[in-house]
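These notes concern the structure reproduced below.
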Amino acid sequence: MKKEVSLTAKQGSLLREFIFGLNDGLVSTLSLLAGLSGALISNNIIILGGLAEIVAGSISMGLGAYISTKSEEEYYKSKIAKEKKSIEDIPSIEIKELKDLYRKKGFNKKEINLIVNKITKHKATWLDTLIHEKIGIEENFEDPKKMGLTNGLSFIIGGLFPILPFFFFQASFPLLMGTVFALIVLFIIGILKSRSTGRNWFVSGLELAVICLIAASLSYLAGKVIINL
């Protein structure tokens with residue numbers, strides 16, 4: 001059962017990273033395309049700018065996810081190693097901390113002694129209890145490479161939606177199509193997010209779509225202003 005829960009948690013983390021990268025790829029790429037379109041730059045330059053944003057953004061997001069996940073893993077592993085050493089070197093202090101933990105949970109003295117004595121009979125169980133009760137982590141850490149790859153690839157996928165119309169159409173029409181694609185995808189992402197957050201699916205989807213639309217509109221206006229300076 002514990003293994004199944006851990007596996008589900010890992011899948012949830014990958015899904016979260018995928019949605020995050022997809023969302024960021026959509027919004028940032030569409031915003032750049034809108035700004036360049038507002039500045040009346042040619043389609044070829046807009047496409048090159050958009051592709052450069054997708055490549056640079058995916059690398060940045062992928063490396064960022066990899067480094068942050070790896071750093072978190074290293075931090076918690078050092079905490080686990082410290083607890084393991086404390087069990088060996090200062091067991092009395094760790095026993096006291098365990099008792100304090102269960103006292104805060106509402107157990108009486110007799111119950112606490114019974115629980116703690118049972119736990120401390122086996123060092124593996126003792127360490128496992130400290131990890132979960134004191135530090136509050138799971139030892140099944142997320143794979144930094146998978147997290148980085150998932151985030152980077154999802155950024156690329158997200159960035160492709162708004163840029164594809166620019167390969168086939170001219171003037172402002174591709175921006176309109178790209179914006180529509182982005183809003184639809186973001187609305188779907190919002191619906192998916194609502195399953196884990198418990199929010200109303202329509203409100204969740206609409207929120208992401210509106211935020212994206214505001215970002216694209218402001219970028220388009222900024223492009224207009226800059227070209228007229």
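Residue numbering restarts at 1 for every chain of the structure tokens, chains are lettered A, B, ... in their displayed order, and ligands are numbered from 1 as they appear.
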Set the distance at 10 Å and use only C-alpha atoms: which residues neighbour range 196-205 of chain A once local chain neighbours fewer than 4 positions away are removed? I'd like the list as a PyMOL selection string. chain A and resi 12+16+183-192+209-210
From a backbone DSSP assignment, name each residue in chain A labelled alpha helix (DSSP H), as a ChimeraX atom specification. /A:2-38,43-89,91-104,109-119,123-129,144-163,173-197,201-227
Using only C-alpha atoms, which protein or nucleic acid residues come within 10 Å of Lys134 in chain A? Drop anything in the same chain fewer than 5 positions from it, and give the result as a ChimeraX atom specification. /A:83,97-98,101,127-129
Residues just named, written with C-alpha atoms as a PDB file, in the first residue's frame:
```
ATOM      1  CA  GLU A  83      19.007  11.879  12.240  1.00  0.00           C
ATOM      2  CA  GLU A  97      12.034  14.204  20.839  1.00  0.00           C
ATOM      3  CA  LEU A  98       9.913  11.188  19.947  1.00  0.00           C
ATOM      4  CA  LEU A 101       6.031  14.397  19.311  1.00  0.00           C
ATOM      5  CA  LEU A 127      14.791   6.287  11.760  1.00  0.00           C
ATOM      6  CA  ASP A 128      11.729   5.862   9.536  1.00  0.00           C
ATOM      7  CA  THR A 129       9.506   7.293  12.274  1.00  0.00           C
TER       8      THR A 129
END
```
Pick out the closest residue to Lys82 in chain A from this set: A:Cys212, A:Ile95, A:Met177, A:Ile131. Count only C-alpha atoms. A:Ile131
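From CA of Glu207 in chain A back to CA of Leu30 in chain A, the distance works out to 16.6 Å.
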Rank A:Ser60, A:Asp143, A:Asn43, A:Glu133 by their smallest atom-to-atom distance to Lys104 in chain A, using only C-alpha atoms, and report the top residue only.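 Smallest distance to Lys104 in chain A is found for A:Glu133.
Put simply, CA of Lys146 in chain A is 23.2 Å away from CA of Thr29 in chain A.
Using only C-alpha atoms, the shortest contact distance between Ile214 in chain A and any of A:Trp126, A:Ile157, A:Gly106, A:Thr179 is found at A:Thr179.
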I need the residue nearest Glu73 in chain A from this list: A:Ile137, A:Leu114, A:Leu48, A:Leu130. Use only C-alpha atoms for the distance.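 Going through A:Ile137, A:Leu114, A:Leu48, A:Leu130 one by one, the smallest distance to Glu73 in chain A is for A:Ile137.
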Using only C-alpha atoms, which residue out of A:Phe18, A:Ala222, A:Ala124, A:Gly64 lies closest to Ile80 in chain A?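 The closest residue to Ile80 in chain A is A:Ala124.
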Give me the residues within 12 Å of Asn228 in chain A as a PyMOL selection string, counting only C-alpha atoms and dropping any in the same chain fewer than 2 places off. chain A and resi 38-40+221-226
Keeping only N, CA and C atoms, write those residues as a CSV table (one decimal), in the first residue's frame.
```csv
chain,number,residue,atom,x,y,z
A,38,GLY,N,2.7,43.4,-32.3
A,38,GLY,CA,2.3,44.7,-32.0
A,38,GLY,C,3.3,45.7,-32.6
A,39,ALA,N,4.6,45.3,-32.6
A,39,ALA,CA,5.6,46.2,-33.1
A,39,ALA,C,5.7,46.1,-34.7
A,40,LEU,N,4.8,45.4,-35.3
A,40,LEU,CA,4.7,45.2,-36.7
A,40,LEU,C,6.0,44.6,-37.4
A,221,LEU,N,0.3,45.7,-26.7
A,221,LEU,CA,0.2,47.1,-26.5
A,221,LEU,C,1.6,47.7,-26.3
A,222,ALA,N,2.5,46.9,-25.6
A,222,ALA,CA,3.8,47.4,-25.4
A,222,ALA,C,4.6,47.5,-26.7
A,223,GLY,N,4.4,46.5,-27.6
A,223,GLY,CA,5.0,46.5,-28.9
A,223,GLY,C,4.5,47.7,-29.7
A,224,LYS,N,3.2,48.0,-29.6
A,224,LYS,CA,2.7,49.1,-30.3
A,224,LYS,C,3.3,50.4,-29.9
A,225,VAL,N,3.4,50.6,-28.5
A,225,VAL,CA,4.0,51.8,-28.0
A,225,VAL,C,5.5,51.9,-28.4
A,226,ILE,N,6.2,50.8,-28.2
A,226,ILE,CA,7.7,50.9,-28.6
A,226,ILE,C,7.9,51.3,-30.0
```
Here is a test: counting only C-alpha atoms, which residue of A:Met147, A:Ile41, A:Ala216, A:Leu22 is nearest to Ser68 in chain A? A:Met147
Applying 12 Å and only C-alpha atoms, which residues near Phe166 in chain A remain after dropping the ones on its own chain fewer than 4 positions away? List them as a PDB file with N, CA and C atoms, in the first residue's frame.
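Produced file selection_26.pdb, reproduced below:
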```pdb
ATOM      1  N   LEU A  30       3.470  33.170 -26.211  1.00  0.00           N
ATOM      2  CA  LEU A  30       2.394  33.985 -26.770  1.00  0.00           C
ATOM      3  C   LEU A  30       2.625  35.464 -26.480  1.00  0.00           C
ATOM      4  N   LEU A  33       5.289  36.723 -28.848  1.00  0.00           N
ATOM      5  CA  LEU A  33       4.737  36.834 -30.201  1.00  0.00           C
ATOM      6  C   LEU A  33       3.804  38.031 -30.318  1.00  0.00           C
ATOM      7  N   ALA A  34       3.024  38.267 -29.276  1.00  0.00           N
ATOM      8  CA  ALA A  34       2.100  39.406 -29.278  1.00  0.00           C
ATOM      9  C   ALA A  34       2.870  40.717 -29.300  1.00  0.00           C
ATOM     10  N   LEU A  36       5.943  41.260 -30.438  1.00  0.00           N
ATOM     11  CA  LEU A  36       6.576  41.423 -31.751  1.00  0.00           C
ATOM     12  C   LEU A  36       5.543  41.771 -32.817  1.00  0.00           C
ATOM     13  N   SER A  37       4.362  41.178 -32.723  1.00  0.00           N
ATOM     14  CA  SER A  37       3.291  41.481 -33.687  1.00  0.00           C
ATOM     15  C   SER A  37       2.830  42.918 -33.521  1.00  0.00           C
ATOM     16  N   SER A  42       8.143  41.631 -39.101  1.00  0.00           N
ATOM     17  CA  SER A  42       7.786  40.641 -40.126  1.00  0.00           C
ATOM     18  C   SER A  42       7.628  39.247 -39.515  1.00  0.00           C
ATOM     19  N   ASN A  43       6.847  38.431 -40.228  1.00  0.00           N
ATOM     20  CA  ASN A  43       6.569  37.071 -39.751  1.00  0.00           C
ATOM     21  C   ASN A  43       7.830  36.249 -39.527  1.00  0.00           C
ATOM     22  N   ASN A  44       8.801  36.394 -40.438  1.00  0.00           N
ATOM     23  CA  ASN A  44      10.029  35.611 -40.308  1.00  0.00           C
ATOM     24  C   ASN A  44      10.766  35.919 -39.008  1.00  0.00           C
ATOM     25  N   ILE A  45      10.840  37.196 -38.672  1.00  0.00           N
ATOM     26  CA  ILE A  45      11.515  37.598 -37.435  1.00  0.00           C
ATOM     27  C   ILE A  45      10.703  37.153 -36.221  1.00  0.00           C
ATOM     28  N   ILE A  46       9.376  37.234 -36.334  1.00  0.00           N
ATOM     29  CA  ILE A  46       8.507  36.786 -35.235  1.00  0.00           C
ATOM     30  C   ILE A  46       8.713  35.300 -34.978  1.00  0.00           C
ATOM     31  N   ILE A  47       8.783  34.524 -36.065  1.00  0.00           N
ATOM     32  CA  ILE A  47       8.994  33.074 -35.941  1.00  0.00           C
ATOM     33  C   ILE A  47      10.347  32.784 -35.293  1.00  0.00           C
ATOM     34  N   LEU A  48      11.395  33.488 -35.764  1.00  0.00           N
ATOM     35  CA  LEU A  48      12.729  33.281 -35.198  1.00  0.00           C
ATOM     36  C   LEU A  48      12.766  33.649 -33.718  1.00  0.00           C
ATOM     37  N   GLY A  49      12.103  34.762 -33.394  1.00  0.00           N
ATOM     38  CA  GLY A  49      12.048  35.194 -31.992  1.00  0.00           C
ATOM     39  C   GLY A  49      11.296  34.192 -31.134  1.00  0.00           C
ATOM     40  N   GLY A  50      10.187  33.684 -31.682  1.00  0.00           N
ATOM     41  CA  GLY A  50       9.391  32.699 -30.945  1.00  0.00           C
ATOM     42  C   GLY A  50      10.149  31.397 -30.729  1.00  0.00           C
ATOM     43  N   LEU A  51      10.836  30.930 -31.769  1.00  0.00           N
ATOM     44  CA  LEU A  51      11.613  29.691 -31.650  1.00  0.00           C
ATOM     45  C   LEU A  51      12.766  29.860 -30.667  1.00  0.00           C
ATOM     46  N   LEU A 160       4.674  25.696 -28.806  1.00  0.00           N
ATOM     47  CA  LEU A 160       4.338  25.402 -30.201  1.00  0.00           C
ATOM     48  C   LEU A 160       2.914  25.828 -30.567  1.00  0.00           C
ATOM     49  N   PHE A 161       2.002  25.780 -29.608  1.00  0.00           N
ATOM     50  CA  PHE A 161       0.604  26.116 -29.907  1.00  0.00           C
ATOM     51  C   PHE A 161       0.445  27.534 -30.465  1.00  0.00           C
ATOM     52  N   PRO A 162       0.986  28.555 -29.797  1.00  0.00           N
ATOM     53  CA  PRO A 162       0.790  29.905 -30.331  1.00  0.00           C
ATOM     54  C   PRO A 162       1.652  30.248 -31.550  1.00  0.00           C
ATOM     55  N   GLN A 170      -0.106  35.291 -42.543  1.00  0.00           N
ATOM     56  CA  GLN A 170       0.581  36.571 -42.445  1.00  0.00           C
ATOM     57  C   GLN A 170      -0.242  37.558 -41.600  1.00  0.00           C
ATOM     58  N   ALA A 171       0.366  38.725 -41.351  1.00  0.00           N
ATOM     59  CA  ALA A 171      -0.265  39.834 -40.627  1.00  0.00           C
ATOM     60  C   ALA A 171      -0.685  39.436 -39.217  1.00  0.00           C
ATOM     61  N   SER A 172      -1.857  39.965 -38.773  1.00  0.00           N
ATOM     62  CA  SER A 172      -2.271  39.746 -37.380  1.00  0.00           C
ATOM     63  C   SER A 172      -3.077  38.467 -37.209  1.00  0.00           C
ATOM     64  N   PHE A 173      -3.474  37.836 -38.325  1.00  0.00           N
ATOM     65  CA  PHE A 173      -4.321  36.645 -38.229  1.00  0.00           C
ATOM     66  C   PHE A 173      -3.678  35.507 -37.449  1.00  0.00           C
ATOM     67  N   PRO A 174      -2.384  35.199 -37.654  1.00  0.00           N
ATOM     68  CA  PRO A 174      -1.778  34.111 -36.885  1.00  0.00           C
ATOM     69  C   PRO A 174      -1.747  34.375 -35.382  1.00  0.00           C
ATOM     70  N   LEU A 175      -1.601  35.638 -35.005  1.00  0.00           N
ATOM     71  CA  LEU A 175      -1.609  35.971 -33.580  1.00  0.00           C
ATOM     72  C   LEU A 175      -2.976  35.663 -32.980  1.00  0.00           C
ATOM     73  N   LEU A 176      -4.027  35.980 -33.726  1.00  0.00           N
ATOM     74  CA  LEU A 176      -5.379  35.693 -33.255  1.00  0.00           C
ATOM     75  C   LEU A 176      -5.579  34.192 -33.102  1.00  0.00           C
ATOM     76  N   MET A 177      -5.140  33.422 -34.110  1.00  0.00           N
ATOM     77  CA  MET A 177      -5.282  31.973 -34.052  1.00  0.00           C
ATOM     78  C   MET A 177      -4.444  31.385 -32.915  1.00  0.00           C
ATOM     79  N   GLY A 178      -3.205  31.875 -32.797  1.00  0.00           N
ATOM     80  CA  GLY A 178      -2.327  31.394 -31.729  1.00  0.00           C
ATOM     81  C   GLY A 178      -2.903  31.682 -30.359  1.00  0.00           C
ATOM     82  N   THR A 179      -3.519  32.850 -30.220  1.00  0.00           N
ATOM     83  CA  THR A 179      -4.130  33.220 -28.936  1.00  0.00           C
ATOM     84  C   THR A 179      -5.303  32.302 -28.618  1.00  0.00           C
TER      85      THR A 179
END
```
